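To start, the structure itself, in structure tokens.
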Amino acid sequence: MTRLAHGGARLETRRGVEWFVREIPAHRAEKAYRCPACGQEVPPGQAHVVAWSAEHLFGDDAAVRDRRHYHAHCWRIA
Ligand SMILES: [Zn+2]
């Protein structure tokens, strides 16, 4: 079983924790989100990054439900 089952997400390690990361292109960014890194809005139409834990306590399905949308810049420096 591959852990890359989530539609082209890649695996990244941040502070010792593995995350699935997917790039959302501008034309797919249809809603506004609150970036958890800076607390500012990610406006619709802005390319950004969605990330969720690969080590979620309740498994991958719960992790996908808890995924967060970050500014691309905020994710890079996080
Ligand atoms: Zn941000």
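Please note that chains go A, B, ... in the order of the structure tokens, that every chain numbers its residues from 1, and that ligands are numbered from 1 in the order shown.
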
Can I get the residues of chain A within 7 Å of ligand 1, each with the closest pair of atoms and their distance in Å to one decimal, using only C-alpha atoms and all ligand atoms, sorted chain first then ascending number, as JSON lines?
{"residue": "A:Cys35", "atom": "CA", "partner": "ligand 1", "partner_atom_place_in_ligand_line": "1 (Zn)", "distance": 4.6}
{"residue": "A:Pro36", "atom": "CA", "partner": "ligand 1", "partner_atom_place_in_ligand_line": "1 (Zn)", "distance": 6.6}
{"residue": "A:Ala37", "atom": "CA", "partner": "ligand 1", "partner_atom_place_in_ligand_line": "1 (Zn)", "distance": 5.1}
{"residue": "A:Cys38", "atom": "CA", "partner": "ligand 1", "partner_atom_place_in_ligand_line": "1 (Zn)", "distance": 4.3}
{"residue": "A:Gly39", "atom": "CA", "partner": "ligand 1", "partner_atom_place_in_ligand_line": "1 (Zn)", "distance": 6.3}
{"residue": "A:Gln40", "atom": "CA", "partner": "ligand 1", "partner_atom_place_in_ligand_line": "1 (Zn)", "distance": 5.7}
{"residue": "A:Tyr70", "atom": "CA", "partner": "ligand 1", "partner_atom_place_in_ligand_line": "1 (Zn)", "distance": 5.4}
{"residue": "A:His71", "atom": "CA", "partner": "ligand 1", "partner_atom_place_in_ligand_line": "1 (Zn)", "distance": 4.4}
{"residue": "A:His73", "atom": "CA", "partner": "ligand 1", "partner_atom_place_in_ligand_line": "1 (Zn)", "distance": 7.0}
{"residue": "A:Cys74", "atom": "CA", "partner": "ligand 1", "partner_atom_place_in_ligand_line": "1 (Zn)", "distance": 4.7}

Mind checking which residues fall within 10 Å of A:Glu55, counting only C-alpha atoms, ignoring those fewer than 2 positions away in the same chain, and posting them as a compact mmCIF listing (two decimals) with C-alpha atoms, in the first residue's frame?
# COMPACT_ATOMS: atom_id res chain seq x y z
CA VAL A 17 6.60 15.28 11.48
CA GLU A 18 5.62 13.97 8.07
CA TRP A 19 3.02 15.91 6.10
CA PHE A 20 1.23 15.35 2.84
CA TRP A 52 -2.24 17.50 6.37
CA SER A 53 -0.44 15.24 8.77
CA LEU A 57 -3.84 9.91 15.41
CA PHE A 58 -7.09 8.88 13.75
CA GLY A 59 -5.66 7.85 10.42
CA ASP A 60 -5.36 9.35 6.99
CA ALA A 63 -6.08 13.87 8.64

Hey, what does DSSP flag as strand (DSSP E) within chain A? Can you give it to me as an MDAnalysis selection string?
chainID A and resid 10:14 17:24 33:34 41:42 48:53 68:71

I need the residues in chain A that are helix (DSSP H, G or I) according to DSSP; give them as a ChimeraX atom specification.
/A:26-28,59-65,72-77

Residue subset to file, keeping C-alpha atoms, as a compact mmCIF listing (two decimals), in the first residue's frame:
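result-v3.txt written:
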# COMPACT_ATOMS: atom_id res chain seq x y z
CA ALA A 26 -4.79 29.68 -8.71
CA HIS A 27 -7.59 28.40 -10.93
CA ARG A 28 -8.43 25.68 -8.37
CA GLY A 59 -5.66 7.85 10.42
CA ASP A 60 -5.36 9.35 6.99
CA ASP A 61 -9.07 9.98 6.47
CA ALA A 62 -9.29 12.11 9.62
CA ALA A 63 -6.08 13.87 8.64
CA VAL A 64 -7.53 14.81 5.25
CA ARG A 65 -10.61 16.24 6.98
CA ALA A 72 2.81 29.13 -0.26
CA HIS A 73 5.27 31.53 1.38
CA CYS A 74 4.11 30.64 4.91
CA TRP A 75 4.46 26.92 4.27
CA ARG A 76 7.99 27.39 2.90
CA ILE A 77 9.17 29.22 6.00

Looking at A:Ala54, A:Gln46, A:Ala9, A:Glu41, which one is nearest to A:Glu23, with distances taken over only C-alpha atoms?
A:Ala9

Quick check, in Å to one decimal: how far apart do atom CA of A:Lys31 and atom CA of A:His48 lie?
11.4 Å

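Checking A:Arg68, A:Leu11, A:Val49, A:Gly16 one by one against A:Ala29, counting only C-alpha atoms, you find the shortest gap at A:Val49.
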
Selection: 6 Å around A:Val42, only C-alpha atoms, excl. self and same-chain fewer than 2 positions, as a ChimeraX atom specification
/A:32-34

Write the residues of the selection above to a file with N, CA and C atoms, as a CSV table (one decimal), in the first residue's frame.
chain,number,residue,atom,x,y,z
A,32,ALA,N,-12.1,31.2,0.1
A,32,ALA,CA,-11.1,31.8,1.0
A,32,ALA,C,-10.8,30.9,2.2
A,33,TYR,N,-9.6,30.9,2.6
A,33,TYR,CA,-9.2,30.1,3.8
A,33,TYR,C,-8.4,30.9,4.7
A,34,ARG,N,-8.3,30.5,6.0
A,34,ARG,CA,-7.5,31.2,7.0
A,34,ARG,C,-6.2,30.4,7.1

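Taking atom CA of A:Pro25 and atom CA of A:Arg10 as endpoints, the distance between them is 15.1 Å.
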
Separation of atom CA of A:Gly8 and atom CA of A:His69, in Å?
16.1 Å
